[in-house]
Structure formats: structure tokens, C-alpha cells
$ cat coords-v2.txt   # compact mmCIF, C-alpha atoms
# COMPACT_ATOMS: atom_id res chain seq x y z
CA MET A 225 199.60 245.59 9.95
CA SER A 226 202.46 247.52 8.33
CA PRO A 227 205.16 245.72 6.30
CA GLN A 228 207.67 246.46 9.08
CA GLN A 229 205.37 244.95 11.70
CA THR A 230 204.87 241.90 9.49
CA VAL A 231 208.64 241.44 9.22
CA HIS A 232 209.08 241.80 12.98
CA ARG A 233 206.25 239.33 13.63
CA GLY A 234 207.72 236.81 11.19
CA ARG A 235 211.15 237.14 12.78
CA ALA A 236 209.67 236.74 16.25
CA LEU A 237 207.93 233.52 15.19
CA GLY A 238 211.18 232.27 13.71
CA VAL A 239 213.03 233.06 16.94
CA ILE A 240 210.40 231.22 19.00
CA ALA A 241 210.59 228.19 16.70
CA VAL A 242 214.40 227.99 16.92
CA LEU A 243 214.41 228.51 20.70
CA THR A 244 211.82 225.74 21.11
CA THR A 245 214.02 223.52 18.96
CA ALA A 246 217.00 224.32 21.17
CA VAL A 247 215.07 223.28 24.29
CA LEU A 248 214.13 219.97 22.66
CA TRP A 249 217.71 219.40 21.52
CA GLY A 250 218.92 220.20 25.02
CA THR A 251 217.16 217.08 26.32
CA THR A 252 219.02 214.65 24.05
CA GLY A 253 222.18 214.24 26.12
CA THR A 254 220.25 213.51 29.29
CA ALA A 255 217.87 211.18 27.44
CA ALA A 256 220.87 209.21 26.09
CA THR A 257 222.07 208.54 29.64
CA PHE A 258 218.94 206.43 30.24
CA ALA A 259 220.28 203.88 27.75
CA PRO A 260 223.91 203.58 28.87
CA GLU A 261 224.48 200.27 27.05
CA VAL A 262 223.64 201.92 23.72
CA GLY A 263 226.74 203.47 22.17
CA PRO A 264 226.89 207.07 20.92
CA LEU A 265 227.07 206.04 17.25
CA ALA A 266 223.87 204.00 17.61
CA ILE A 267 222.11 206.83 19.46
CA GLY A 268 223.16 209.37 16.86
CA ALA A 269 222.27 207.15 13.91
CA ALA A 270 218.88 206.30 15.40
CA ALA A 271 218.06 209.89 16.30
CA LEU A 272 218.87 211.63 13.04
CA GLY A 273 218.72 208.58 10.78
CA ILE A 274 215.11 207.76 11.64
CA GLY A 275 214.25 211.42 12.14
CA GLY A 276 215.69 212.31 8.73
CA VAL A 277 213.81 209.53 6.94
CA LEU A 278 210.59 210.72 8.63
CA GLN A 279 211.32 214.24 7.39
CA ALA A 280 211.58 212.90 3.84
CA GLY A 281 208.45 210.81 4.30
CA ILE A 282 206.18 213.74 5.11
CA ALA A 283 207.81 215.79 2.33
CA ILE A 284 207.24 213.32 -0.54
CA PRO A 285 204.71 215.54 -2.39
CA ALA A 286 207.01 218.56 -2.03
CA LEU A 287 210.04 216.53 -3.11
CA ARG A 288 208.22 215.43 -6.25
CA SER A 289 207.14 218.94 -7.15
CA SER A 290 210.63 220.35 -6.49
CA ALA A 291 212.58 217.47 -8.04
CA ARG A 292 213.91 219.58 -10.93
CA GLU A 293 215.13 222.37 -8.64
CA LEU A 294 216.81 219.89 -6.31
CA ARG A 295 218.49 218.01 -9.17
CA SER A 296 219.90 221.29 -10.44
CA ARG A 297 221.62 221.88 -7.07
CA PRO A 298 223.32 218.54 -6.30
CA GLY A 299 226.24 220.18 -4.53
CA LEU A 300 224.03 221.87 -1.95
CA VAL A 301 221.94 218.75 -1.35
CA TRP A 302 224.90 216.40 -0.97
CA ALA A 303 226.93 218.83 1.14
CA GLY A 304 223.98 219.27 3.47
CA ALA A 305 223.31 215.52 3.62
CA LEU A 306 226.96 214.73 4.44
CA ALA A 307 226.86 217.35 7.20
CA VAL A 308 223.67 215.73 8.56
CA PHE A 309 225.51 212.38 8.48
CA VAL A 310 228.51 213.72 10.40
CA TYR A 311 226.65 215.82 12.98
CA PRO A 312 224.93 213.20 15.19
CA LEU A 313 227.91 210.83 15.16
CA ALA A 314 230.26 213.62 16.28
CA PHE A 315 227.76 215.23 18.67
CA TYR A 316 226.83 212.12 20.65
CA SER A 317 230.43 210.92 20.66
CA SER A 318 231.40 214.28 22.14
CA MET A 319 228.87 213.96 24.96
CA HIS A 320 229.83 210.33 25.55
CA LEU A 321 233.54 211.16 25.86
CA ALA A 322 233.49 214.55 27.58
CA GLY A 323 230.14 214.64 29.36
CA VAL A 324 226.76 216.09 28.49
CA ALA A 325 227.54 219.69 29.47
CA ILE A 326 230.94 219.91 27.77
CA GLY A 327 229.91 218.10 24.60
CA THR A 328 226.84 220.25 24.13
CA ALA A 329 228.57 223.50 25.01
CA VAL A 330 231.49 222.97 22.63
CA SER A 331 229.29 221.79 19.75
CA LEU A 332 226.85 224.68 19.99
CA ALA A 333 229.45 227.34 20.77
CA THR A 334 231.35 226.39 17.61
CA ALA A 335 228.31 226.62 15.34
CA PRO A 336 227.79 230.43 15.29
CA LEU A 337 231.41 231.07 14.30
CA ALA A 338 231.23 228.47 11.55
CA ALA A 339 227.86 229.82 10.34
CA GLY A 340 229.14 233.38 10.30
CA ALA A 341 232.27 232.31 8.41
CA LEU A 342 230.17 230.45 5.80
CA GLU A 343 227.91 233.43 5.22
CA ARG A 344 230.87 235.80 5.03
CA ILE A 345 232.88 233.63 2.61
CA LEU A 346 230.15 232.03 0.47
CA ASP A 347 227.45 234.72 0.57
CA ASP A 348 229.75 237.74 0.96
CA ARG A 349 227.53 238.97 3.77
CA PRO A 350 229.14 241.32 6.32
CA LEU A 351 228.96 240.31 9.95
CA ALA A 352 226.74 242.72 11.86
CA PRO A 353 228.29 244.17 15.03
CA ARG A 354 225.34 242.97 17.13
CA TRP A 355 225.73 239.40 15.86
CA LEU A 356 229.48 239.52 16.54
CA LEU A 357 228.79 240.72 20.08
CA ALA A 358 226.14 238.02 20.69
CA ALA A 359 228.33 235.27 19.22
CA THR A 360 231.32 236.40 21.27
CA ILE A 361 229.36 236.48 24.53
CA GLY A 362 227.74 233.13 23.73
CA ILE A 363 231.06 231.50 22.89
CA ILE A 364 232.56 232.87 26.11
CA GLY A 365 229.60 231.33 27.92
CA GLY A 366 230.12 227.99 26.20
CA ALA A 367 233.85 228.08 26.94
CA THR A 368 233.13 228.95 30.57
CA LEU A 369 230.71 226.04 30.84
CA THR A 370 233.39 223.78 29.39
CA ALA A 371 236.04 225.06 31.79
CA ALA A 372 233.64 224.58 34.70
CA LYS A 373 233.08 220.96 33.76
CA LEU A 374 236.65 219.99 32.85
CA GLY A 375 237.75 219.66 36.45
CA ASP A 376 234.64 217.66 37.39
CA SER A 377 234.61 215.38 34.34
CA GLY A 378 234.59 211.70 35.17
CA SER A 379 236.40 210.95 31.91
CA GLY A 380 240.16 210.94 31.54
CA ALA A 381 241.94 213.93 30.06
CA SER A 382 242.43 212.22 26.69
CA ASP A 383 238.71 211.35 26.48
CA THR A 384 237.78 214.91 27.34
CA VAL A 385 240.10 216.36 24.69
CA LEU A 386 238.82 213.90 22.07
CA GLY A 387 235.27 214.78 23.09
CA ILE A 388 236.03 218.47 22.57
CA VAL A 389 237.46 217.70 19.10
CA CYS A 390 234.27 215.78 18.25
CA GLY A 391 232.25 218.74 19.52
CA LEU A 392 234.12 221.10 17.20
CA GLY A 393 233.34 218.80 14.28
CA ALA A 394 229.69 218.64 15.28
CA GLY A 395 229.43 222.43 15.46
CA ILE A 396 230.93 222.85 11.98
CA ALA A 397 228.62 220.17 10.55
CA TYR A 398 225.59 221.82 12.19
CA ALA A 399 226.48 225.19 10.69
CA ALA A 400 227.08 223.57 7.28
CA TYR A 401 223.71 221.86 6.95
CA SER A 402 221.92 224.94 8.31
CA TRP A 403 223.57 227.03 5.59
CA CYS A 404 222.71 224.48 2.88
CA VAL A 405 219.03 224.41 3.88
CA HIS A 406 218.90 228.19 4.06
CA ARG A 407 220.57 228.47 0.65
CA LEU A 408 218.00 226.16 -0.93
CA LEU A 409 215.25 228.26 0.63
CA HIS A 410 216.89 231.41 -0.72
CA ASP A 411 217.00 229.83 -4.20
CA GLY A 412 213.24 229.29 -4.12
CA VAL A 413 213.05 225.64 -3.08
CA GLY A 414 210.22 225.10 -0.59
CA ARG A 415 210.87 224.46 3.09
CA ALA A 416 209.47 220.90 3.08
CA ALA A 417 211.45 219.93 -0.02
CA SER A 418 214.68 221.50 1.27
CA MET A 419 214.46 219.81 4.67
CA GLY A 420 213.17 216.55 3.22
CA ALA A 421 215.96 216.28 0.65
CA ILE A 422 218.88 217.11 2.92
CA PHE A 423 217.68 215.31 6.04
CA GLY A 424 216.17 212.40 4.14
CA LEU A 425 219.39 211.74 2.25
CA GLY A 426 221.46 212.28 5.41
CA GLY A 427 219.17 209.89 7.26
CA LEU A 428 219.63 207.23 4.59
CA LEU A 429 223.41 207.60 4.89
CA LEU A 430 223.06 206.93 8.63
CA VAL A 431 221.00 203.75 8.18
CA PRO A 432 224.07 201.48 7.68
CA ILE A 433 225.57 202.88 10.91
CA LEU A 434 222.29 202.15 12.69
CA ILE A 435 222.20 198.59 11.33
CA ALA A 436 225.80 197.98 12.38
CA THR A 437 225.57 199.46 15.89
CA GLY A 438 221.90 199.61 16.83
CA ALA A 439 221.25 196.10 18.17
CA PRO A 440 221.24 197.27 21.83
CA LEU A 441 218.26 199.50 21.02
CA LEU A 442 216.18 196.34 20.66
CA THR A 443 217.37 194.54 23.79
CA SER A 444 214.94 196.30 26.15
CA TRP A 445 211.85 198.48 26.07
CA ASN A 446 213.79 201.18 27.88
CA ASN A 447 216.46 201.37 25.18
CA PHE A 448 213.82 201.29 22.45
CA ALA A 449 211.87 204.09 24.15
CA VAL A 450 215.01 206.26 24.36
CA GLY A 451 215.73 205.71 20.67
CA ALA A 452 212.11 206.42 19.71
CA TYR A 453 212.04 209.60 21.80
CA MET A 454 215.28 210.86 20.26
CA ALA A 455 214.07 210.21 16.72
CA ILE A 456 210.57 211.63 17.07
CA VAL A 457 210.68 214.52 19.55
CA PRO A 458 214.01 216.40 19.36
CA MET A 459 214.92 215.26 15.84
CA PHE A 460 211.69 214.97 13.82
CA ILE A 461 209.59 217.60 15.59
CA GLY A 462 212.64 219.70 16.46
CA TYR A 463 213.83 219.89 12.87
CA LEU A 464 210.35 220.72 11.61
CA LEU A 465 210.49 223.76 13.88
CA PHE A 466 214.09 224.48 12.92
CA GLY A 467 213.22 224.41 9.22
CA TYR A 468 210.39 226.86 9.86
CA GLY A 469 212.77 229.08 11.81
CA LEU A 470 215.26 229.14 8.92
CA THR A 471 212.57 230.67 6.72
CA ARG A 472 212.40 233.62 9.13
CA VAL A 473 215.97 234.12 10.39
CA SER A 474 219.46 233.67 8.93
CA PRO A 475 221.62 230.60 9.66
CA ARG A 476 224.02 232.62 11.81
CA THR A 477 221.12 233.96 13.89
CA ALA A 478 219.63 230.47 14.18
CA THR A 479 222.91 228.94 15.30
CA THR A 480 223.41 231.75 17.80
CA LEU A 481 219.91 231.21 19.19
CA THR A 482 220.66 227.54 19.72
CA LEU A 483 223.40 228.57 22.14
CA SER A 484 220.55 228.19 24.62
CA GLU A 485 220.85 224.42 24.17
CA PRO A 486 224.03 224.10 26.30
CA ALA A 487 222.25 225.88 29.14
CA VAL A 488 219.27 223.51 28.93
CA ALA A 489 221.62 220.53 28.70
CA ALA A 490 223.71 221.74 31.63
CA VAL A 491 220.65 222.24 33.86
CA LEU A 492 219.30 218.78 32.99
CA ALA A 493 222.74 217.22 33.42
CA THR A 494 222.90 218.76 36.89
CA LEU A 495 219.35 218.00 38.02
CA VAL A 496 218.83 214.60 36.38
CA VAL A 497 222.21 213.06 35.57
CA GLY A 498 223.99 214.38 38.65
CA GLU A 499 226.78 216.27 36.89
CA ARG A 500 228.09 219.12 39.02
CA LEU A 501 227.77 222.75 37.92
CA GLY A 502 229.49 225.26 40.18
CA ALA A 503 229.61 229.05 40.19
CA LEU A 504 231.75 229.14 37.04
CA GLY A 505 229.23 226.98 35.20
CA TRP A 506 226.32 229.18 36.20
CA ALA A 507 228.35 232.22 35.06
CA GLY A 508 228.71 230.53 31.69
CA MET A 509 224.97 229.98 31.44
CA THR A 510 224.41 233.64 32.31
CA CYS A 511 226.63 234.60 29.37
CA VAL A 512 224.55 232.38 27.10
CA GLY A 513 221.41 234.11 28.34
CA VAL A 514 222.88 237.55 27.66
CA ALA A 515 223.87 236.45 24.15
CA LEU A 516 220.29 235.38 23.49
CA VAL A 517 218.96 238.75 24.65
CA VAL A 518 221.41 240.58 22.38
CA VAL A 519 220.63 238.53 19.26
CA THR A 520 216.84 238.44 19.73
CA ALA A 521 216.27 242.09 20.67
CA PRO A 522 214.26 243.83 17.93
CA VAL A 523 216.17 246.14 15.63
CA ARG A 524 214.96 249.70 15.87
CA VAL A 525 214.53 251.31 12.48
CA PRO A 526 214.91 255.09 12.72
CA ARG A 527 211.91 257.01 11.52
CA THR A 528 212.50 259.15 8.46
CA LEU A 529 211.46 262.74 8.84
CA THR A 530 208.82 263.81 6.42
CA SER A 531 208.12 267.40 5.52

$ encode --input "coords-v2.txt" --output "C-alpha cells"
Amino acid sequence: MSPQQTVHRGRALGVIAVLTTAVLWGTTGTAATFAPEVGPLAIGAAALGIGGVLQAGIAIPALRSSARELRSRPGLVWAGALAVFVYPLAFYSSMHLAGVAIGTAVSLATAPLAAGALERILDDRPLAPRWLLAATIGIIGGATLTAAKLGDSGSGASDTVLGIVCGLGAGIAYAAYSWCVHRLLHDGVGRAASMGAIFGLGGLLLVPILIATGAPLLTSWNNFAVGAYMAIVPMFIGYLLFGYGLTRVSPRTATTLTLSEPAVAAVLATLVVGERLGALGWAGMTCVGVALVVVTAPVRVPRTLTS
């Protein structure tokens, strides 16, 4: 296998890992509706709090071996952990206030722009035309999904607007911790140590929120099962795959790939939760699909002519 083929294969595996993560994440909003008496802060704290601590637990050997490298980069670790702390609280609040489809679409449509801005400002990396095209089409798709759901939202206008604001915050936080993990990887810190440090510390920061708000999770087996599913499947397993993907693709590509999550969430919200998705909503999901095709299509490297 040539070096170019190896690179393409590695990138393809990274794309598959991130897309699988996006599908798992797309189930979270619908899963949360099965425990309506559990508030969004409790759901978010349980999902990423427990999931983050589990990430750190399996990474203990790697954390020990990389302790010196991590201690030398406290800014990256703490910035990533604070973003992990903010993300689930804002994300689940957004879905609670504005609906599953809107909350997911706004959160994930914001992330590629934020990720691209971080890489441009902090890494001085130019934004490739293809990425700009994919991000633009994906954001249009997310905005279209949002517009399609605004008229059908059961929430009041103020709740919907506040939910959109929370979604914007969630998207920025998502891009921030993705960049921090990727930066640690770039600096030579191993994947397990990078994910374990940022998500473990972020998970610990969420524990007080879980203690303060999580009592309803223990009032029934149904609520407990929802919390356990959220923590183990989309968060723990999902972020294992996401961490692997970040070793193969850039944060801006990863965040653009996860634009597929709003489509998954919208389909589940329509089929399971009963939210309506008309022609405009399906047009939005089509845009998301086109964006994924654009960003995942292999780059053709022109052959150099040899004499």
C-alpha cells in the first residue's frame, strides 16, 4: 500500500468513526424524551459527567504516562474541560426549550463555523474552499431545519429563542473541546490521555450539577435506564469513536461531519417523538446530506509527470 493510499485509508476510517458518533449522538434528544420528569441539566450532567469519568477511568495508565505532558499544557486541558462542562448543559437545555430538531440543528450547525474560526485564528490555517462550501451548505441545511420547526414548535416564542441561544453556546463549546483535544494530539499527547484528561476533568466538574439535579434519575427504572444509556452509548462509546476520528481528520472536518446528527435527530423526532417535519425540513436534511458528500469526497492528487 502506497503512502497516499495509507493516508486515504486512515482518513476514511476517521470519517466512518465520526459519522458513527454522529448517529449515536443523534439519538440523545429522542432518548431524553423517555424521561420527561428528568430536567435537561440532570440529563446533560449524567450523560457527559458519567461518560467523562468513564473516559478517564479507562485512560488511567495513559494519564499516568503522559502526566508531565499534560501538566505542561494546563491551559489546553482546562479550556477543553470547561467546554465539556458547558456543552451538555447548553445542548440539552436547547432541545428542552426549542425541541429536539431545532436544538440539535442549531448546536451542530454552529460548530463548523466555530471550529473553522478557531483553526484560522489560533493555528493560522487557511480555510479550504471545499470546507467552506460544505460548511455553508450544512449550515443552510441546519437553518432550514430550524425554520421548518419554528412554526410547529410547541414551545412559546421566548422559549424557542432561548433554546436557539443555548444551541449557539453548545456549538461553540463543542468546537472548543474538539480543538483542544486535537491540539493535544498534535503536540504528541496520546489519544487516550488527551480524551481522558479533558473529558475526565469536565466530567468531574459536572458531578455537582448531577448531585444537585439528578434525583429524578433514581425515581424509576425507566429514568435510570435513560440516564445509563446516555452515559454509556452516545457519550462513552461515542466519544471513544470521536477521539479516534480526531486522530485522522481535523476538528473542522469532524464538526462538519457531525452535521449529520441533526438529520438523525430530526428523523427520530418525527418517527418516535411525533414532531412534524414538512417539505422545508426534508429540504434542510438534503442540504446536510450534500454537505457530507462534499466534505467526505476524497481529494484527488494530480499525478506528476515523470520523464

$ residues_around --input "coords-v2.txt" --residues "stretch 433-448 of chain A" --least-positions-apart "5" --cutoff "9 Å" --atoms "all atoms listed in the file" --output "number ranges by chain"
A: 258-263, 265-270, 273, 453

$ residues_around --input "coords-v2.txt" --residues "A:Val389" --least-positions-apart "3" --cutoff "12 Å" --atoms "only C-alpha atoms" --output "PDB file with C-alpha atoms, in the frame of the given file"
ATOM      1  CA  ALA A 314     230.260 213.620  16.280  1.00  0.00           C
ATOM      2  CA  PHE A 315     227.760 215.230  18.670  1.00  0.00           C
ATOM      3  CA  SER A 317     230.430 210.920  20.660  1.00  0.00           C
ATOM      4  CA  SER A 318     231.400 214.280  22.140  1.00  0.00           C
ATOM      5  CA  MET A 319     228.870 213.960  24.960  1.00  0.00           C
ATOM      6  CA  LEU A 321     233.540 211.160  25.860  1.00  0.00           C
ATOM      7  CA  ALA A 322     233.490 214.550  27.580  1.00  0.00           C
ATOM      8  CA  ILE A 326     230.940 219.910  27.770  1.00  0.00           C
ATOM      9  CA  GLY A 327     229.910 218.100  24.600  1.00  0.00           C
ATOM     10  CA  VAL A 330     231.490 222.970  22.630  1.00  0.00           C
ATOM     11  CA  SER A 331     229.290 221.790  19.750  1.00  0.00           C
ATOM     12  CA  THR A 334     231.350 226.390  17.610  1.00  0.00           C
ATOM     13  CA  SER A 382     242.430 212.220  26.690  1.00  0.00           C
ATOM     14  CA  ASP A 383     238.710 211.350  26.480  1.00  0.00           C
ATOM     15  CA  THR A 384     237.780 214.910  27.340  1.00  0.00           C
ATOM     16  CA  VAL A 385     240.100 216.360  24.690  1.00  0.00           C
ATOM     17  CA  LEU A 386     238.820 213.900  22.070  1.00  0.00           C
ATOM     18  CA  LEU A 392     234.120 221.100  17.200  1.00  0.00           C
ATOM     19  CA  GLY A 393     233.340 218.800  14.280  1.00  0.00           C
ATOM     20  CA  ALA A 394     229.690 218.640  15.280  1.00  0.00           C
ATOM     21  CA  GLY A 395     229.430 222.430  15.460  1.00  0.00           C
ATOM     22  CA  ILE A 396     230.930 222.850  11.980  1.00  0.00           C
TER      23      ILE A 396
END

$ closest_residue --input "coords-v2.txt" --among "A:Ala338, A:Ala256, A:Met459, A:Leu287" --to "A:Val308" --atoms "all atoms listed in the file"
A:Met459

$ closest_residue --input "coords-v2.txt" --among "A:Pro264, A:Gly365, A:Gly391, A:Gly414" --to "A:Ala291" --atoms "all atoms listed in the file"
A:Gly414

$ closest_atom_pairs --input "coords-v2.txt" --of "stretch 256-342 of chain A" --to "stretch 346-361 of chain A" --cutoff "7 Å" --atoms "all atoms listed in the file" --output "tab-separated table"
residue	atom	partner	partner_atom	distance
A:Pro336	CA	A:Ala359	CA	6.3
A:Gly340	CA	A:Leu351	CA	6.9
A:Leu342	CA	A:Leu346	CA	5.6

$ axis_aligned_box --input "coords-v2.txt" --around "stretch 396-401 of chain A" --padding-each-side "3 Å" --output "AutoDock Vina command-line options"
--center_x 227.3 --center_y 222.7 --center_z 9.6 --size_x 13.2 --size_y 11.0 --size_z 11.2

$ closest_residue --input "coords-v2.txt" --among "A:Ala503, A:Ala339, A:Ala487, A:Val405" --to "A:Ser418" --atoms "only C-alpha atoms"
A:Val405

$ closest_residue --input "coords-v2.txt" --among "A:Pro475, A:Pro432, A:Gly275, A:Gly362" --to "A:Ala452" --atoms "only C-alpha atoms"
A:Gly275

$ residues_around --input "coords-v2.txt" --residues "A:Ala489" --least-positions-apart "6" --cutoff "12 Å" --atoms "all atoms listed in the file" --output "short mmCIF file (atom, residue, chain, number, x, y, z; two decimals) with C-alpha atoms, in the frame of the given file"
data_model
loop_
_atom_site.label_atom_id
_atom_site.label_comp_id
_atom_site.auth_asym_id
_atom_site.auth_seq_id
_atom_site.Cartn_x
_atom_site.Cartn_y
_atom_site.Cartn_z
CA ALA A 246 217.00 224.32 21.17
CA VAL A 247 215.07 223.28 24.29
CA LEU A 248 214.13 219.97 22.66
CA TRP A 249 217.71 219.40 21.52
CA GLY A 250 218.92 220.20 25.02
CA THR A 251 217.16 217.08 26.32
CA THR A 252 219.02 214.65 24.05
CA GLY A 253 222.18 214.24 26.12
CA THR A 254 220.25 213.51 29.29
CA ALA A 255 217.87 211.18 27.44
CA ALA A 256 220.87 209.21 26.09
CA MET A 319 228.87 213.96 24.96
CA GLY A 323 230.14 214.64 29.36
CA VAL A 324 226.76 216.09 28.49
CA ALA A 325 227.54 219.69 29.47
CA ILE A 326 230.94 219.91 27.77
CA GLY A 327 229.91 218.10 24.60
CA THR A 328 226.84 220.25 24.13
CA ALA A 329 228.57 223.50 25.01
CA VAL A 330 231.49 222.97 22.63
CA SER A 331 229.29 221.79 19.75
CA LEU A 332 226.85 224.68 19.99
CA GLY A 366 230.12 227.99 26.20
CA LEU A 369 230.71 226.04 30.84
CA THR A 482 220.66 227.54 19.72
CA LEU A 483 223.40 228.57 22.14
CA LEU A 495 219.35 218.00 38.02
CA VAL A 496 218.83 214.60 36.38
CA VAL A 497 222.21 213.06 35.57
CA GLY A 498 223.99 214.38 38.65
CA GLU A 499 226.78 216.27 36.89
CA LEU A 501 227.77 222.75 37.92
CA GLY A 505 229.23 226.98 35.20
CA MET A 509 224.97 229.98 31.44
#

$ closest_residue --input "coords-v2.txt" --among "A:Gly299, A:Gly238, A:Ala507, A:Thr471" --to "A:Val413" --atoms "all atoms listed in the file"
A:Thr471

$ atom_distance --input "coords-v2.txt" --atom1 "atom CA of A:Leu425" --atom2 "atom CA of A:Ala305"
5.6 Å

$ closest_residue --input "coords-v2.txt" --among "A:Ala478, A:Val518, A:Ala397, A:Ala367" --to "A:Gly426" --atoms "all atoms listed in the file"
A:Ala397

$ build_atoms --input "coords-v2.txt" --residues "stretch 465-485 of chain A" --atoms "N, CA, C and O atoms" --output "compact mmCIF listing (two decimals), in the coordinates of the input"
# COMPACT_ATOMS: atom_id res chain seq x y z
N LEU A 465 210.47 222.40 13.35
CA LEU A 465 210.49 223.76 13.88
C LEU A 465 211.72 224.51 13.40
O LEU A 465 211.65 225.71 13.06
N PHE A 466 212.85 223.84 13.35
CA PHE A 466 214.09 224.48 12.92
C PHE A 466 213.98 224.92 11.45
O PHE A 466 214.41 226.02 11.09
N GLY A 467 213.41 224.05 10.61
CA GLY A 467 213.22 224.41 9.22
C GLY A 467 212.33 225.63 9.07
O GLY A 467 212.58 226.52 8.25
N TYR A 468 211.26 225.68 9.88
CA TYR A 468 210.39 226.86 9.86
C TYR A 468 211.18 228.09 10.28
O TYR A 468 211.07 229.16 9.66
N GLY A 469 211.98 227.95 11.33
CA GLY A 469 212.77 229.08 11.81
C GLY A 469 213.73 229.61 10.75
O GLY A 469 213.94 230.83 10.64
N LEU A 470 214.32 228.72 9.94
CA LEU A 470 215.26 229.14 8.92
C LEU A 470 214.59 229.92 7.79
O LEU A 470 215.28 230.57 6.99
N THR A 471 213.27 229.84 7.69
CA THR A 471 212.57 230.67 6.72
C THR A 471 212.37 232.09 7.23
O THR A 471 211.97 232.98 6.47
N ARG A 472 212.64 232.31 8.51
CA ARG A 472 212.40 233.62 9.13
C ARG A 472 213.67 234.31 9.61
O ARG A 472 213.70 235.53 9.74
N VAL A 473 214.72 233.54 9.92
CA VAL A 473 215.97 234.12 10.39
C VAL A 473 217.13 233.50 9.63
O VAL A 473 217.00 232.43 9.03
N SER A 474 218.29 234.15 9.66
CA SER A 474 219.46 233.67 8.93
C SER A 474 220.11 232.50 9.67
O SER A 474 219.89 232.32 10.88
N PRO A 475 220.94 231.71 8.97
CA PRO A 475 221.62 230.60 9.66
C PRO A 475 222.47 231.06 10.84
O PRO A 475 222.53 230.39 11.87
N ARG A 476 223.17 232.19 10.69
CA ARG A 476 224.02 232.62 11.81
C ARG A 476 223.18 233.02 13.01
O ARG A 476 223.57 232.79 14.17
N THR A 477 222.00 233.65 12.78
CA THR A 477 221.12 233.96 13.89
C THR A 477 220.56 232.70 14.52
O THR A 477 220.50 232.56 15.74
N ALA A 478 220.17 231.73 13.67
CA ALA A 478 219.63 230.47 14.18
C ALA A 478 220.65 229.73 15.03
O ALA A 478 220.34 229.24 16.12
N THR A 479 221.88 229.65 14.53
CA THR A 479 222.91 228.94 15.30
C THR A 479 223.26 229.68 16.58
O THR A 479 223.60 229.05 17.59
N THR A 480 223.17 231.00 16.57
CA THR A 480 223.41 231.75 17.80
C THR A 480 222.28 231.53 18.80
O THR A 480 222.52 231.38 20.00
N LEU A 481 221.04 231.48 18.30
CA LEU A 481 219.91 231.21 19.19
C LEU A 481 220.04 229.86 19.86
O LEU A 481 219.65 229.69 21.02
N THR A 482 220.56 228.88 19.14
CA THR A 482 220.66 227.54 19.72
C THR A 482 221.80 227.44 20.73
O THR A 482 222.04 226.36 21.27
N LEU A 483 222.47 228.56 21.00
CA LEU A 483 223.40 228.57 22.14
C LEU A 483 222.66 228.37 23.45
O LEU A 483 223.29 228.13 24.48
N SER A 484 221.33 228.49 23.41
CA SER A 484 220.55 228.19 24.62
C SER A 484 220.55 226.69 24.92
O SER A 484 220.28 226.29 26.06
N GLU A 485 220.85 225.86 23.93
CA GLU A 485 220.85 224.42 24.17
C GLU A 485 221.85 223.99 25.24
O GLU A 485 221.51 223.16 26.10
